[in-house]
Amino acid sequence: MATDENVSLWERLERPAPTPRQVLSPQRIATAAVAIADAEGLEAVTMRRLAAELSVAPMAPYRHVSGKDDLLELMVDHVYADLSLPDGLGWRENLRTLAVRTRRLMLDHRWLAQLPPQAKLSLTPRRMAVAEKALAALDDLGLDADAMMSAFRTVDAYVHGSMNYESAVTTLIAEQNLSDGDELRDTLAPLMMWHMRTGRYPTFQRYLHTAARKDDTQWQFESGLDCVLDGIAARLGL
């Protein structure tokens with residue numbers, strides 16, 4: 001018989017509650033932890049801080065989560081309740097909608113871009129449900145299982161790579177008390193001007209002088225996303 005040490009968070013939460021009423025619940029814990037992370041960042045989320053926010057004894061949350069790893073999984077699953085995919089979409093619109101809504105989720109909860117590897121890869125029920133729906137949209141196209149997963153992971157990798165960059169820019173602006181991209185470029189101007197004066201980067205220089213969408217992050221994201229989807233369609237003959 002498996003011991004609790006070998007049982008996942010989600011299997012434990014599927015078990016019937018030992019008592020009909022409890023002061024704490026996984027929902028309350030997740031809601032409080034997400035609120036802390038949204039307001040102050042991931043580093044502010046500790047078990048002691050969580051207990052204080054919930055007005056319970058320091059050890060009380062441990063009846064539901066065994067530690068920070070479990071807590072992060074619970075937080076991820078909690079926010080993924082906001083990521084839903086409509087029924088009846090074709091494969092491309094399904095993956096595009098997933099990408100756009102995942103970006104929105106990561107903008108609403110910026111700590112998602114800062115999760116440690118285990119939490120980033122956590123197999124929570126709601127994340128699994130999103131992946132299932134995305135894969136199901138590819139399932140009737142005559143693709144083998146590897147090709148389906150490759151298409152799904154390619155879009156997922158684009159989303160997270162793009163959001164890692166966007167998050168880094170936003171964090172740098174905040175850390176340096178700047179107001180926008182123009183002020184950030186002003187801060188970086190001396191170094192950039194040195195690079196440009198070397199004459200080694202003429203194409204980049206043309207971008208600096210002529211680009212009109214340097215701060216239009218939504219356009220940048222969706223334009224790149226369409227390139228990815230075009231590539232998947234061409235590669236797989238869809």
# chains A, B, ... in the order shown; residues from 1 in each chain; ligands from 1

$ residues_around --residues "Thr46 in chain A" --least-positions-apart "6" --cutoff "12 Å" --atoms "only C-alpha atoms" --output "list in words"
Ile29, Ala32, Ala33, Val34, Ile36, Ala37, Glu40, Ala52, Glu53, Pro58, Met59, Pro61, Tyr62, Gly67, Lys68, Asp69, Asp70, Leu71 and Leu72 of chain A

$ closest_residue --among "A:Ala30, A:Met106, A:Ala131, A:Leu184" --to "Glu166 in chain A" --atoms "only C-alpha atoms"
A:Met106

$ residues_around --residues "Arg126 in chain A" --least-positions-apart "3" --cutoff "6 Å" --atoms "only C-alpha atoms" --output "count of residues only"
3

$ residues_around --residues "Leu121 in chain A" --least-positions-apart "5" --cutoff "12 Å" --atoms "only C-alpha atoms" --output "PDB file with N, CA, C and O atoms, in the first residue's frame"
ATOM      1  N   ASP A  69       6.759  23.161  -2.745  1.00  0.00           N
ATOM      2  CA  ASP A  69       6.537  22.544  -4.056  1.00  0.00           C
ATOM      3  C   ASP A  69       5.054  22.254  -4.280  1.00  0.00           C
ATOM      4  O   ASP A  69       4.501  22.552  -5.344  1.00  0.00           O
ATOM      5  N   LEU A  72       3.120  25.555  -4.821  1.00  0.00           N
ATOM      6  CA  LEU A  72       3.254  26.120  -6.167  1.00  0.00           C
ATOM      7  C   LEU A  72       2.367  25.377  -7.160  1.00  0.00           C
ATOM      8  O   LEU A  72       1.742  25.994  -8.031  1.00  0.00           O
ATOM      9  N   GLU A  73       2.292  24.050  -7.044  1.00  0.00           N
ATOM     10  CA  GLU A  73       1.405  23.284  -7.916  1.00  0.00           C
ATOM     11  C   GLU A  73      -0.047  23.705  -7.718  1.00  0.00           C
ATOM     12  O   GLU A  73      -0.808  23.856  -8.675  1.00  0.00           O
ATOM     13  N   VAL A  76      -0.588  27.074  -9.414  1.00  0.00           N
ATOM     14  CA  VAL A  76      -0.666  26.952 -10.871  1.00  0.00           C
ATOM     15  C   VAL A  76      -2.035  26.421 -11.286  1.00  0.00           C
ATOM     16  O   VAL A  76      -2.691  26.957 -12.187  1.00  0.00           O
ATOM     17  N   ASP A  77      -2.476  25.367 -10.627  1.00  0.00           N
ATOM     18  CA  ASP A  77      -3.770  24.795 -10.971  1.00  0.00           C
ATOM     19  C   ASP A  77      -4.891  25.803 -10.737  1.00  0.00           C
ATOM     20  O   ASP A  77      -5.836  25.889 -11.530  1.00  0.00           O
ATOM     21  N   LEU A 112       4.159  33.469 -12.947  1.00  0.00           N
ATOM     22  CA  LEU A 112       4.182  32.224 -13.719  1.00  0.00           C
ATOM     23  C   LEU A 112       5.454  32.096 -14.548  1.00  0.00           C
ATOM     24  O   LEU A 112       5.915  30.984 -14.818  1.00  0.00           O
ATOM     25  N   LEU A 115       8.561  30.606 -12.222  1.00  0.00           N
ATOM     26  CA  LEU A 115       8.444  29.343 -11.491  1.00  0.00           C
ATOM     27  C   LEU A 115       9.703  28.505 -11.639  1.00  0.00           C
ATOM     28  O   LEU A 115      10.339  28.501 -12.696  1.00  0.00           O
ATOM     29  N   PRO A 116      10.071  27.753 -10.606  1.00  0.00           N
ATOM     30  CA  PRO A 116      11.181  26.800 -10.739  1.00  0.00           C
ATOM     31  C   PRO A 116      10.779  25.656 -11.668  1.00  0.00           C
ATOM     32  O   PRO A 116       9.587  25.446 -11.927  1.00  0.00           O
ATOM     33  N   ARG A 127      -4.148  22.043 -15.865  1.00  0.00           N
ATOM     34  CA  ARG A 127      -3.172  22.127 -16.955  1.00  0.00           C
ATOM     35  C   ARG A 127      -3.322  20.926 -17.888  1.00  0.00           C
ATOM     36  O   ARG A 127      -3.213  21.058 -19.105  1.00  0.00           O
ATOM     37  N   MET A 128      -3.543  19.762 -17.315  1.00  0.00           N
ATOM     38  CA  MET A 128      -3.748  18.570 -18.133  1.00  0.00           C
ATOM     39  C   MET A 128      -5.000  18.707 -18.994  1.00  0.00           C
ATOM     40  O   MET A 128      -5.023  18.280 -20.158  1.00  0.00           O
ATOM     41  N   ASP A 156       3.585  26.050 -27.328  1.00  0.00           N
ATOM     42  CA  ASP A 156       3.803  26.294 -25.899  1.00  0.00           C
ATOM     43  C   ASP A 156       5.178  26.912 -25.657  1.00  0.00           C
ATOM     44  O   ASP A 156       5.320  27.846 -24.866  1.00  0.00           O
TER      45      ASP A 156
END

$ closest_residue --among "A:Gln118, A:Thr31, A:Thr170, A:Asn164" --to "Leu74 in chain A" --atoms "only C-alpha atoms"
A:Thr31

$ closest_residue --among "A:Asp216, A:Glu43, A:Glu175, A:Glu222" --to "Tyr158 in chain A" --atoms "only C-alpha atoms"
A:Glu222

$ residues_around --residues "Ser223 in chain A" --least-positions-apart "2" --cutoff "12 Å" --atoms "only C-alpha atoms" --output "number ranges by chain"
A: 96, 99-100, 158, 162, 213, 216-221, 225-230

$ residues_around --residues "Leu13 in chain A" --least-positions-apart "5" --cutoff "10 Å" --atoms "only C-alpha atoms" --output "PyMOL selection string"
chain A and resi 8+25-26+64-65

$ write_last_selection --atoms "N, CA, C and O atoms" --output "CSV table (one decimal), in the first residue's frame"
chain,number,residue,atom,x,y,z
A,8,SER,N,0.8,11.7,-4.8
A,8,SER,CA,0.9,13.1,-5.3
A,8,SER,C,-0.1,13.9,-4.5
A,8,SER,O,-1.1,13.4,-3.9
A,25,SER,N,-9.0,25.0,3.4
A,25,SER,CA,-9.3,24.2,2.2
A,25,SER,C,-8.2,24.5,1.2
A,25,SER,O,-7.6,25.5,1.2
A,26,PRO,N,-8.0,23.6,0.3
A,26,PRO,CA,-7.0,23.8,-0.8
A,26,PRO,C,-7.4,25.1,-1.6
A,26,PRO,O,-6.5,25.9,-2.0
A,64,HIS,N,-2.7,20.2,4.2
A,64,HIS,CA,-3.2,20.2,2.8
A,64,HIS,C,-2.0,20.1,1.8
A,64,HIS,O,-2.1,19.5,0.8
A,65,VAL,N,-0.9,20.8,2.1
A,65,VAL,CA,0.2,20.8,1.2
A,65,VAL,C,1.5,20.5,2.1
A,65,VAL,O,1.6,20.9,3.2

$ atom_distance --atom1 "CA of Pro202 in chain A" --atom2 "CA of Glu183 in chain A"
23.3 Å

$ atom_distance --atom1 "CA of Ala119 in chain A" --atom2 "CA of Arg101 in chain A"
19.5 Å
